[in-house]
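Shown here: data-v6.tsv, TSV, C-alpha atoms and all ligand atoms.
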```tsv
chain	number	residue	atom	x	y	z
A	28	MET	CA	39.31	43.66	-6.24
A	29	LYS	CA	37.11	40.57	-6.05
A	30	TYR	CA	40.07	38.56	-4.80
A	31	PRO	CA	42.12	40.70	-2.37
A	32	ILE	CA	45.65	39.51	-1.65
A	33	SER	CA	47.07	39.55	1.87
A	34	VAL	CA	50.83	39.85	2.30
A	35	GLU	CA	53.18	38.51	4.93
A	36	LEU	CA	56.75	39.51	4.19
A	37	THR	CA	59.72	37.34	5.08
A	38	GLN	CA	61.73	38.23	8.16
A	39	LYS	CA	64.92	36.98	6.56
A	40	SER	CA	65.64	37.27	2.84
A	41	SER	CA	67.83	34.56	1.33
A	42	ILE	CA	68.86	36.66	-1.65
A	43	GLY	CA	72.36	37.01	-0.20
A	44	GLU	CA	72.88	33.27	-0.66
A	45	VAL	CA	72.35	33.42	-4.42
A	46	ASP	CA	75.32	33.43	-6.79
A	47	PHE	CA	73.80	35.58	-9.54
A	48	ASN	CA	76.86	34.96	-11.73
A	49	ASN	CA	76.31	31.24	-11.71
A	50	LEU	CA	72.59	30.56	-11.72
A	51	VAL	CA	71.64	26.89	-11.98
A	52	PHE	CA	68.11	26.33	-13.30
A	53	GLY	CA	65.63	25.94	-10.45
A	54	ARG	CA	68.15	25.85	-7.62
A	55	ASN	CA	67.20	29.10	-5.88
A	56	ILE	CA	63.64	29.99	-5.01
A	57	SER	CA	62.83	33.65	-4.31
A	58	ASP	CA	61.70	34.90	-0.91
A	59	HIS	CA	57.93	34.86	-1.45
A	60	MET	CA	55.22	32.70	-2.96
A	61	PHE	CA	51.60	33.24	-3.83
A	62	VAL	CA	48.98	30.78	-2.56
A	63	ALA	CA	45.20	30.54	-3.15
A	64	ASP	CA	42.75	27.78	-2.29
A	65	PHE	CA	39.65	26.52	-4.05
A	66	THR	CA	37.18	25.42	-1.36
A	67	ASP	CA	33.39	25.33	-1.14
A	68	GLY	CA	33.11	26.14	-4.83
A	69	GLU	CA	35.23	29.32	-4.88
A	70	TRP	CA	38.77	30.62	-4.91
A	71	THR	CA	39.61	32.15	-1.55
A	72	ASP	CA	42.40	33.22	0.75
A	73	CYS	CA	44.74	34.74	-1.83
A	74	ARG	CA	47.98	35.40	-0.02
A	75	ILE	CA	51.65	36.15	-0.48
A	76	VAL	CA	53.72	34.46	2.20
A	77	PRO	CA	57.40	33.67	2.75
A	78	TYR	CA	58.49	30.76	0.54
A	79	GLY	CA	58.78	27.56	2.54
A	80	PRO	CA	57.23	24.18	3.34
A	81	MET	CA	53.45	23.93	3.65
A	82	PRO	CA	51.73	21.27	5.70
A	83	MET	CA	49.50	18.90	3.74
A	84	SER	CA	48.06	15.44	4.07
A	85	PRO	CA	49.81	12.51	2.34
A	86	ALA	CA	46.31	11.60	1.13
A	87	ILE	CA	45.93	14.66	-1.15
A	88	MET	CA	44.67	13.41	-4.48
A	89	ALA	CA	47.37	15.13	-6.53
A	90	LEU	CA	49.91	12.72	-5.10
A	91	HIS	CA	47.89	9.63	-5.96
A	92	TYR	CA	45.97	10.36	-9.14
A	93	GLY	CA	48.08	13.05	-10.74
A	94	GLN	CA	45.63	15.94	-10.84
A	95	ALA	CA	48.45	18.45	-11.02
A	96	ILE	CA	49.26	21.03	-13.69
A	97	PHE	CA	51.77	23.84	-14.04
A	98	GLU	CA	53.11	26.68	-16.16
A	99	GLY	CA	56.58	27.97	-16.83
A	100	MET	CA	57.01	31.62	-17.70
A	101	LYS	CA	59.60	34.37	-17.39
A	102	ALA	CA	59.98	37.98	-16.35
A	103	ASN	CA	62.79	40.38	-17.20
A	104	LYS	CA	63.59	43.95	-16.32
A	105	HIS	CA	63.03	46.82	-18.71
A	106	HIS	CA	66.51	47.60	-20.06
A	107	GLU	CA	66.28	51.29	-19.08
A	108	THR	CA	63.81	51.70	-16.25
A	109	GLY	CA	64.50	48.38	-14.52
A	110	GLU	CA	60.74	47.82	-14.16
A	111	PRO	CA	59.71	44.13	-14.11
A	112	LEU	CA	58.07	42.99	-17.34
A	113	LEU	CA	55.96	39.86	-17.70
A	114	PHE	CA	56.09	38.15	-21.07
A	115	ARG	CA	52.72	37.08	-22.53
A	116	PRO	CA	51.07	36.20	-19.19
A	117	GLU	CA	47.57	36.00	-20.76
A	118	MET	CA	48.75	33.22	-23.03
A	119	HIS	CA	50.05	31.27	-20.03
A	120	LEU	CA	46.72	31.88	-18.29
A	121	ASP	CA	44.87	30.46	-21.31
A	122	ARG	CA	47.13	27.44	-21.34
A	123	ILE	CA	46.87	26.65	-17.63
A	124	ASN	CA	43.09	26.86	-17.96
A	125	ARG	CA	43.13	24.53	-20.98
A	126	SER	CA	45.23	22.13	-18.89
A	127	ALA	CA	42.78	22.53	-15.98
A	128	LEU	CA	39.81	21.72	-18.19
A	129	ARG	CA	41.42	18.54	-19.58
A	130	MET	CA	42.39	17.40	-16.08
A	131	ALA	CA	38.90	18.12	-14.66
A	132	MET	CA	40.34	20.86	-12.41
A	133	GLN	CA	39.12	24.35	-11.59
A	134	PRO	CA	40.08	27.23	-13.90
A	135	ILE	CA	42.02	30.09	-12.36
A	136	PRO	CA	40.24	33.44	-12.67
A	137	ALA	CA	42.23	35.95	-14.75
A	138	GLU	CA	42.19	38.44	-11.87
A	139	ILE	CA	43.88	36.02	-9.49
A	140	PHE	CA	46.50	34.91	-12.03
A	141	MET	CA	47.44	38.37	-13.25
A	142	ASN	CA	47.34	40.14	-9.87
A	143	ALA	CA	49.28	37.35	-8.19
A	144	LEU	CA	52.06	37.59	-10.77
A	145	SER	CA	52.14	41.36	-10.57
A	146	SER	CA	52.22	41.47	-6.78
A	147	LEU	CA	54.80	38.74	-6.44
A	148	LEU	CA	57.09	40.40	-8.97
A	149	ASP	CA	56.62	43.76	-7.35
A	150	ILE	CA	57.71	42.36	-3.99
A	151	ASP	CA	60.54	40.14	-5.25
A	152	ARG	CA	61.76	42.47	-8.02
A	153	ASP	CA	65.34	42.33	-6.71
A	154	TRP	CA	65.38	38.64	-7.61
A	155	ILE	CA	65.12	39.37	-11.36
A	156	PRO	CA	68.63	38.81	-12.71
A	157	GLN	CA	69.95	41.04	-15.45
A	158	SER	CA	72.96	39.26	-16.92
A	159	GLU	CA	72.89	38.03	-20.53
A	160	GLY	CA	70.46	35.12	-20.99
A	161	SER	CA	69.10	35.26	-17.44
A	162	ALA	CA	65.54	35.92	-16.22
A	163	LEU	CA	63.20	35.29	-13.32
A	164	TYR	CA	61.42	32.01	-13.99
A	165	LEU	CA	57.85	31.88	-12.68
A	166	ARG	CA	56.19	28.60	-11.81
A	167	PRO	CA	52.42	28.79	-11.35
A	168	HIS	CA	51.00	25.37	-10.46
A	169	MET	CA	47.77	23.85	-9.22
A	170	PHE	CA	47.10	20.56	-7.54
A	171	ALA	CA	44.18	18.52	-6.19
A	172	PHE	CA	43.85	19.04	-2.47
A	173	ASP	CA	41.10	16.66	-1.31
A	174	SER	CA	42.38	14.10	1.18
A	175	THR	CA	40.53	10.99	0.17
A	176	LEU	CA	41.54	7.75	-1.45
A	177	GLY	CA	38.64	7.30	-3.88
A	178	VAL	CA	39.40	8.02	-7.53
A	179	LYS	CA	37.44	11.09	-8.59
A	180	SER	CA	38.16	14.68	-9.44
A	181	SER	CA	38.97	16.68	-6.35
A	182	ASP	CA	36.59	19.26	-4.91
A	183	THR	CA	39.42	21.38	-3.54
A	184	TYR	CA	42.59	22.73	-5.18
A	185	ARG	CA	45.60	24.74	-4.20
A	186	PHE	CA	47.20	27.21	-6.61
A	187	VAL	CA	50.76	28.33	-5.92
A	188	ILE	CA	53.26	30.56	-7.74
A	189	MET	CA	56.92	30.48	-6.88
A	190	THR	CA	59.74	32.19	-8.71
A	191	SER	CA	63.38	31.41	-9.35
A	192	PRO	CA	66.24	33.39	-10.89
A	193	VAL	CA	67.69	31.40	-13.80
A	194	GLY	CA	70.54	31.61	-16.25
A	195	PRO	CA	70.87	29.96	-19.70
A	196	TYR	CA	69.41	26.42	-19.68
A	197	TYR	CA	71.71	24.76	-22.20
A	198	PRO	CA	75.07	26.49	-22.36
A	199	LYS	CA	76.02	24.57	-25.53
A	200	PRO	CA	74.31	23.03	-28.59
A	201	ILE	CA	72.33	19.92	-27.80
A	202	ARG	CA	72.36	16.32	-29.01
A	203	LEU	CA	68.96	14.68	-29.50
A	204	LEU	CA	68.02	11.01	-29.43
A	205	VAL	CA	65.01	10.28	-31.63
A	206	ALA	CA	62.58	8.04	-29.72
A	207	ASP	CA	61.77	4.86	-31.63
A	208	LYS	CA	60.34	2.87	-28.72
A	209	TYR	CA	58.77	5.22	-26.16
A	210	VAL	CA	55.91	7.68	-26.74
A	211	ARG	CA	55.24	10.98	-24.95
A	212	ALA	CA	51.64	11.54	-25.99
A	213	PHE	CA	48.81	9.89	-27.88
A	214	PRO	CA	45.82	11.32	-29.79
A	215	GLY	CA	42.96	11.83	-27.38
A	216	GLY	CA	45.37	11.96	-24.44
A	217	VAL	CA	46.78	14.84	-22.42
A	218	GLY	CA	49.92	15.72	-24.41
A	219	PHE	CA	48.67	19.25	-25.11
A	220	ALA	CA	48.18	19.91	-21.38
A	221	LYS	CA	50.99	20.92	-19.06
A	222	ALA	CA	50.09	18.07	-16.75
A	223	ALA	CA	52.65	16.88	-14.23
A	224	GLY	CA	52.24	13.23	-15.27
A	225	ASN	CA	53.40	14.01	-18.81
A	226	TYR	CA	56.80	14.80	-17.36
A	227	GLY	CA	56.98	11.88	-14.93
A	228	ALA	CA	56.30	9.49	-17.80
A	229	THR	CA	59.29	10.76	-19.79
A	230	LEU	CA	61.89	10.60	-17.02
A	231	ALA	CA	62.99	6.99	-17.54
A	232	PRO	CA	63.44	7.35	-21.33
A	233	ALA	CA	65.18	10.70	-20.74
A	234	GLN	CA	67.54	9.06	-18.25
A	235	GLN	CA	68.36	6.32	-20.75
A	236	ALA	CA	69.07	8.97	-23.39
A	237	LYS	CA	71.31	10.83	-20.95
A	238	ASN	CA	73.22	7.64	-20.16
A	239	LYS	CA	73.97	7.38	-23.88
A	240	GLY	CA	75.28	10.97	-23.93
A	241	PHE	CA	72.20	12.80	-25.28
A	242	ASP	CA	70.67	15.95	-23.82
A	243	GLN	CA	67.04	15.34	-24.77
A	244	ILE	CA	64.68	13.04	-26.59
A	245	LEU	CA	63.08	14.05	-29.86
A	246	TRP	CA	59.61	12.51	-29.65
A	247	LEU	CA	57.82	11.03	-32.65
A	248	ASP	CA	54.08	10.47	-33.01
A	249	GLY	CA	52.69	7.45	-31.18
A	250	LEU	CA	50.73	5.99	-34.08
A	251	GLU	CA	53.41	5.51	-36.73
A	252	PHE	CA	56.68	6.62	-35.07
A	253	LYS	CA	57.09	8.76	-38.16
A	254	TYR	CA	56.36	12.44	-37.49
A	255	LEU	CA	58.30	14.86	-35.29
A	256	GLN	CA	56.39	16.04	-32.22
A	257	GLU	CA	58.57	17.98	-29.79
A	258	CYS	CA	61.56	17.44	-27.62
A	259	GLY	CA	61.68	17.24	-23.86
A	260	THR	CA	60.70	20.67	-22.67
A	261	MET	CA	60.83	22.34	-26.06
A	262	ASN	CA	59.05	22.51	-29.38
A	263	ILE	CA	61.17	21.73	-32.40
A	264	MET	CA	61.96	23.70	-35.56
A	265	CYS	CA	64.01	22.71	-38.63
A	266	VAL	CA	65.42	25.06	-41.23
A	267	ILE	CA	65.19	23.37	-44.63
A	268	ASP	CA	66.72	25.55	-47.33
A	269	ASP	CA	65.43	28.98	-46.37
A	270	THR	CA	62.20	27.84	-44.71
A	271	VAL	CA	61.58	27.15	-41.04
A	272	VAL	CA	59.44	24.04	-40.70
A	273	THR	CA	57.79	23.13	-37.41
A	274	PRO	CA	55.16	20.48	-36.59
A	275	ASN	CA	51.62	21.86	-36.70
A	276	LEU	CA	49.88	21.82	-33.32
A	277	THR	CA	47.74	18.80	-32.46
A	278	ASP	CA	46.46	17.39	-29.18
A	279	THR	CA	49.75	15.51	-28.75
A	280	ILE	CA	51.94	18.63	-28.73
A	281	LEU	CA	52.24	21.33	-26.08
A	282	ALA	CA	51.41	24.67	-27.72
A	283	GLY	CA	54.62	26.46	-26.78
A	284	ILE	CA	54.45	30.17	-26.16
A	285	THR	CA	58.05	30.55	-27.31
A	286	ARG	CA	57.11	28.64	-30.49
A	287	ASP	CA	54.25	31.05	-31.13
A	288	SER	CA	56.38	34.11	-30.34
A	289	LEU	CA	59.21	33.00	-32.62
A	290	ILE	CA	56.80	32.24	-35.47
A	291	HIS	CA	55.41	35.79	-35.17
A	292	LEU	CA	58.86	37.35	-34.96
A	293	MET	CA	60.26	35.31	-37.85
A	294	ARG	CA	57.35	36.12	-40.14
A	295	ASP	CA	57.69	39.76	-39.11
A	296	GLN	CA	61.33	39.59	-40.22
A	297	GLY	CA	60.32	38.11	-43.59
A	298	ILE	CA	61.46	34.58	-42.73
A	299	LYS	CA	59.27	31.84	-44.22
A	300	VAL	CA	57.66	29.53	-41.65
A	301	GLU	CA	55.62	26.42	-42.37
A	302	GLU	CA	53.57	24.67	-39.70
A	303	ARG	CA	52.98	21.18	-41.07
A	304	PRO	CA	53.68	17.51	-40.38
A	305	ILE	CA	57.39	16.79	-40.82
A	306	SER	CA	58.63	13.21	-40.85
A	307	ILE	CA	61.93	12.04	-39.44
A	308	GLN	CA	62.66	10.65	-42.91
A	309	GLU	CA	62.30	14.13	-44.42
A	310	VAL	CA	64.72	15.51	-41.82
A	311	ILE	CA	67.29	12.78	-42.49
A	312	GLU	CA	67.04	13.15	-46.25
A	313	ALA	CA	67.38	16.94	-45.98
A	314	ASN	CA	70.44	16.40	-43.79
A	315	LYS	CA	71.99	14.04	-46.35
A	316	SER	CA	71.34	16.42	-49.25
A	317	GLY	CA	72.65	19.44	-47.34
A	318	GLU	CA	69.28	21.19	-47.31
A	319	LEU	CA	68.89	20.87	-43.54
A	320	LYS	CA	70.63	24.04	-42.41
A	321	GLU	CA	69.56	24.25	-38.79
A	322	MET	CA	67.48	22.62	-36.12
A	323	PHE	CA	66.56	24.16	-32.79
A	324	GLY	CA	64.33	23.58	-29.78
A	325	THR	CA	62.19	26.41	-28.42
A	326	GLY	CA	60.84	26.85	-24.89
A	327	THR	CA	60.55	29.31	-22.04
A	328	ALA	CA	63.33	27.70	-20.01
A	329	ALA	CA	65.70	26.99	-22.89
A	330	VAL	CA	64.61	29.97	-25.08
A	331	LEU	CA	66.20	28.66	-28.31
A	332	SER	CA	68.66	25.79	-28.18
A	333	ASN	CA	70.59	24.83	-31.27
A	334	VAL	CA	70.73	21.13	-32.11
A	335	SER	CA	74.15	19.88	-33.15
A	336	GLU	CA	73.37	16.22	-33.71
A	337	ILE	CA	70.48	13.78	-33.86
A	338	SER	CA	70.60	10.03	-33.48
A	339	TYR	CA	67.97	7.85	-35.13
A	340	LYS	CA	68.05	4.05	-35.08
A	341	ASP	CA	71.73	4.00	-34.08
A	342	GLU	CA	72.84	6.35	-36.89
A	343	ILE	CA	74.23	9.75	-35.96
A	344	TYR	CA	73.36	12.73	-38.15
A	345	THR	CA	75.51	15.82	-37.68
A	346	LEU	CA	74.11	19.24	-38.45
A	347	PRO	CA	76.02	22.21	-39.88
A	348	PRO	CA	78.10	24.10	-37.28
A	349	VAL	CA	76.21	26.60	-35.15
A	350	GLU	CA	78.70	29.39	-36.01
A	351	GLY	CA	77.46	29.62	-39.61
A	352	ARG	CA	73.77	29.53	-38.79
A	353	LYS	CA	71.66	32.45	-39.92
A	354	ILE	CA	68.19	32.05	-38.44
A	355	GLY	CA	68.32	30.48	-34.95
A	356	PRO	CA	70.96	32.72	-33.31
A	357	PHE	CA	69.50	35.83	-35.01
A	358	ILE	CA	65.88	35.26	-33.98
A	359	LYS	CA	66.87	34.23	-30.45
A	360	LYS	CA	68.48	37.64	-30.00
A	361	VAL	CA	65.39	39.36	-31.42
A	362	LEU	CA	63.22	37.53	-28.86
A	363	GLU	CA	65.53	38.20	-25.93
A	364	ASP	CA	65.78	41.89	-26.82
A	365	TYR	CA	62.00	42.02	-27.16
A	366	LYS	CA	61.55	40.69	-23.62
A	367	LYS	CA	63.70	43.48	-22.22
A	368	SER	CA	61.85	46.08	-24.26
A	369	LEU	CA	64.93	46.78	-26.37
A	370	GLN	CA	62.59	47.10	-29.32
A	371	PRO	CA	59.01	48.36	-29.66
A	372	ASP	CA	56.35	46.08	-28.20
A	373	LYS	CA	54.74	45.61	-31.60
A	374	PHE	CA	52.62	42.62	-30.58
A	375	ASN	CA	51.61	43.89	-27.11
A	376	TRP	CA	53.36	41.03	-25.37
A	377	LEU	CA	54.92	42.88	-22.44
A	378	VAL	CA	52.94	43.48	-19.28
A	379	PRO	CA	54.48	45.80	-16.66
A	380	VAL	CA	53.76	44.96	-13.03
A	381	LYS	CA	51.07	46.93	-11.26
A	382	ASN	CA	51.61	48.20	-7.78
A	383	LEU	CA	48.63	46.55	-6.13
A	384	ILE	CA	49.87	46.10	-2.63
A	385	SER	CA	51.19	48.53	-0.13
A	386	THR	CA	53.98	46.48	1.40
A	387	GLU	CA	54.52	49.12	4.07
A	388	THR	CA	51.17	48.34	5.67
A	389	ASN	CA	51.92	44.66	5.78
A	390	LYS	CA	55.37	44.71	7.33
A	401	LIG	C1	56.67	19.42	-23.29
A	401	LIG	C2	56.98	20.82	-23.60
A	401	LIG	N1	56.95	21.23	-24.89
A	401	LIG	C3	57.19	22.51	-25.24
A	401	LIG	C4	57.50	23.46	-24.28
A	401	LIG	C5	57.73	24.88	-24.69
A	401	LIG	O1	56.66	25.68	-24.28
A	401	LIG	P1	56.87	27.20	-23.88
A	401	LIG	O2	57.52	27.84	-25.05
A	401	LIG	O3	55.51	27.73	-23.64
A	401	LIG	O4	57.73	27.22	-22.69
A	401	LIG	C6	57.57	23.08	-22.94
A	401	LIG	C7	57.89	24.06	-21.89
A	401	LIG	O5	57.01	24.63	-21.31
A	401	LIG	C8	57.30	21.75	-22.59
A	401	LIG	O6	57.35	21.36	-21.31
```
As structure tokens:
Amino acid sequence: MKYPISVELTQKSSIGEVDFNNLVFGRNISDHMFVADFTDGEWTDCRIVPYGPMPMSPAIMALHYGQAIFEGMKANKHHETGEPLLFRPEMHLDRINRSALRMAMQPIPAEIFMNALSSLLDIDRDWIPQSEGSALYLRPHMFAFDSTLGVKSSDTYRFVIMTSPVGPYYPKPIRLLVADKYVRAFPGGVGFAKAAGNYGATLAPAQQAKNKGFDQILWLDGLEFKYLQECGTMNIMCVIDDTVVTPNLTDTILAGITRDSLIHLMRDQGIKVEERPISIQEVIEANKSGELKEMFGTGTAAVLSNVSEISYKDEIYTLPPVEGRKIGPFIKKVLEDYKKSLQPDKFNWLVPVKNLISTETNK
């Protein structure tokens, strides 16, 4: 291995404190984390250590100029063998490196990313929950580590992966507020990157939406406030007649891995999918004529969340009841079964963990 990983195991596991029957998203962090540093032009010091605080200067550039990016991915257990399975890790690696490039940060070598995930999952495998709709959420992230106040791209970076057992994100169908004043992303900007600042910028509008009783914002394009983009932490799909329509990817939309997976699975099941611009007017007219059958958000955390209602310019548009829906609930189950290897891995999306580290020698 070019990048060997050292391991220091925790003296005191906190797994006993976790209520696995009532997992709240992001509340519990597993026992160990992976850390690597980019210094003097190379990635070094790959290590798995007990999860906990890490000392750092308040001058690190990530805190001031927002050079910080992340990924969100999940692992499940094989339904029979119980072996941890990563879902499409290479695609997350590609995305974090696209984010890194746009934010003038250092790419993560594939060996570090894949071996870190494998080793961490191997060690914290007991943290992978197995109840319906639950998974181990993995949070790789990288941030600028230079301590200096000048605005420039950092010369040093820290890459960390922590993991967290999670249950279903939205227990019930969601209500969306269509943004007609705020914008999430602009052409030429960083909307396609999973950059921390993209999320910070949406918190105030999201809070306002929440105060009005909505779960998320449905973002429109920033030029005309006309075309659907995505919603909060999910991509968006509409079922019009028998066709699933989802916005085509541009530099203002995060290329969701769940979006891509569902498109593959739906087409595989003979469901028609169109990736094209879709205007809010088209959605409203389809709702009025009864052609809008379903709408759902797709994302790693939320998997597939049915939309029950959208609000646009103070009008509420109610969608058909979730109980009668044919595509969303069906394809969600197909995807969830796929992740647990309940059906053949037709697309080669599942990556079993490799036993890279002898934990015995490191105890
Ligand atoms: C802004 C945004 N859009 C879409 C998604 C869905 O992407 P994925 O399916 O890769 O989780 C996410 C979540 O990562 C997100 O944060």
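Candidate residues A:Asp248, A:Glu257, A:Glu363, A:Glu301 were compared for distance to ligand LIG 401 (chain A), and the nearest is A:Glu257, using all atoms listed in the file.
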- Task: In the coordinates of the file, take the point (60.4, 9.9, -39.4) and a cut-off of 6 Å; then, counting all atoms listed in the file, name each qualifying protein, DNA or RNA residue as a PyMOL selection string.
- Result: chain A and resi 253-254+306-308
Residue selection dump (C-alpha atoms) as a short mmCIF file (atom, residue, chain, number, x, y, z; two decimals), keeping the file's coordinate frame:
```cif
data_model
loop_
_atom_site.label_atom_id
_atom_site.label_comp_id
_atom_site.auth_asym_id
_atom_site.auth_seq_id
_atom_site.Cartn_x
_atom_site.Cartn_y
_atom_site.Cartn_z
CA LYS A 253 57.09 8.76 -38.16
CA TYR A 254 56.36 12.44 -37.49
CA SER A 306 58.63 13.21 -40.85
CA ILE A 307 61.93 12.04 -39.44
CA GLN A 308 62.66 10.65 -42.91
#
```
- Query: Neighbours of ligand LIG 401 (chain A) within 7 Å, counting all atoms listed in the file, as a count of residues only?
  - Reply: 21
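Nearest-residue note for A:Phe186: choosing from A:His291, A:Lys199, A:Arg166, A:Lys366, the minimum distance belongs to A:Arg166, counting only C-alpha atoms.
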- Task: Rounded to one decimal place, report the atom CA of A:Ile32-atom CA of A:Met81 distance in Å.
- Result: 18.2 Å
- Which residues come within 9 Å of A:Thr270, counting only C-alpha atoms, excluding same-chain residues fewer than 2 positions away, as an MDAnalysis selection string? chainID A and resid 265:268 272 298:301
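Computed from the coordinates, the atom CA of A:Gly160 to atom CA of A:Gly53 distance equals 14.8 Å.
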Could you give me, as a Markdown table, a per-residue list for stretch 35-139 of chain A showing, wherever an atom lies at most 12 Å from an atom of stretch 161-165 of chain A, the closest pair of atoms and their distance in Å to one decimal, using all atoms listed in the file and sorting by chain then residue number from low to high?
```
| residue | atom | partner | partner_atom | distance |
| --- | --- | --- | --- | --- |
| A:Phe47 | CA | A:Ser161 | CA | 9.2 |
| A:Asn48 | CA | A:Ser161 | CA | 9.6 |
| A:Asn49 | CA | A:Ser161 | CA | 10.0 |
| A:Leu50 | CA | A:Ser161 | CA | 8.2 |
| A:Val51 | CA | A:Ser161 | CA | 10.3 |
| A:Phe52 | CA | A:Tyr164 | CA | 8.8 |
| A:Gly53 | CA | A:Tyr164 | CA | 8.2 |
| A:Arg54 | CA | A:Tyr164 | CA | 11.1 |
| A:Asn55 | CA | A:Tyr164 | CA | 10.4 |
| A:Ile56 | CA | A:Tyr164 | CA | 9.5 |
| A:Ser57 | CA | A:Leu163 | CA | 9.2 |
| A:His59 | CA | A:Leu165 | CA | 11.6 |
| A:Met60 | CA | A:Leu165 | CA | 10.1 |
| A:Phe61 | CA | A:Leu165 | CA | 10.9 |
| A:Phe97 | CA | A:Leu165 | CA | 10.2 |
| A:Glu98 | CA | A:Leu165 | CA | 7.8 |
| A:Gly99 | CA | A:Leu165 | CA | 5.8 |
| A:Met100 | CA | A:Leu165 | CA | 5.1 |
| A:Lys101 | CA | A:Tyr164 | CA | 4.5 |
| A:Ala102 | CA | A:Leu163 | CA | 5.2 |
| A:Asn103 | CA | A:Ala162 | CA | 5.3 |
| A:Lys104 | CA | A:Ala162 | CA | 8.3 |
| A:His105 | CA | A:Ala162 | CA | 11.5 |
| A:Pro111 | CA | A:Leu163 | CA | 9.5 |
| A:Leu112 | CA | A:Leu163 | CA | 10.1 |
| A:Leu113 | CA | A:Leu165 | CA | 9.6 |
| A:Phe114 | CA | A:Leu165 | CA | 10.6 |
| A:Pro116 | CA | A:Leu165 | CA | 10.3 |
| A:His119 | CA | A:Leu165 | CA | 10.7 |
```
- Task: May I ask which of the residues A:Asp121, A:Thr108, A:Val193, A:Ile337 is the closest one to A:Val45, counting only C-alpha atoms?
- Result: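 Going through A:Asp121, A:Thr108, A:Val193, A:Ile337 one by one, the smallest distance to A:Val45 is for A:Val193.
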- At most 8 Å from (40.6, 16.8, 0.1), file frame, all atoms listed in the file: which residues, as a ChimeraX atom specification? /A:86-88,171-175,181-183
- Item | Interatomic distance (Å, one decimal) between atom CA of A:Ala137 and atom CA of A:Ala222 | 19.6 Å
Using all atoms listed in the file, what does the table of stretch 188-306 of chain A residues within 9 Å of stretch 156-159 of chain A look like, with each row giving the shortest atom pair and its distance in Å to one decimal, sorted by chain and ascending number, as a tab-separated table?
```
residue	atom	partner	partner_atom	distance
A:Pro192	CA	A:Pro156	CA	6.2
A:Val193	CA	A:Pro156	CA	7.5
A:Gly194	CA	A:Ser158	CA	8.1
A:Pro195	CA	A:Glu159	CA	8.4
```
Residues of the last selection are to be written out with C-alpha atoms, as an mmCIF file, in the frame of the given file.
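Done, and the output landed in out-v9.cif:
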```cif
data_model
loop_
_atom_site.group_PDB
_atom_site.id
_atom_site.type_symbol
_atom_site.label_atom_id
_atom_site.label_comp_id
_atom_site.auth_asym_id
_atom_site.auth_seq_id
_atom_site.Cartn_x
_atom_site.Cartn_y
_atom_site.Cartn_z
ATOM 1 C CA PRO A 192 66.240 33.390 -10.890
ATOM 2 C CA VAL A 193 67.690 31.400 -13.800
ATOM 3 C CA GLY A 194 70.540 31.610 -16.250
ATOM 4 C CA PRO A 195 70.870 29.960 -19.700
#
```
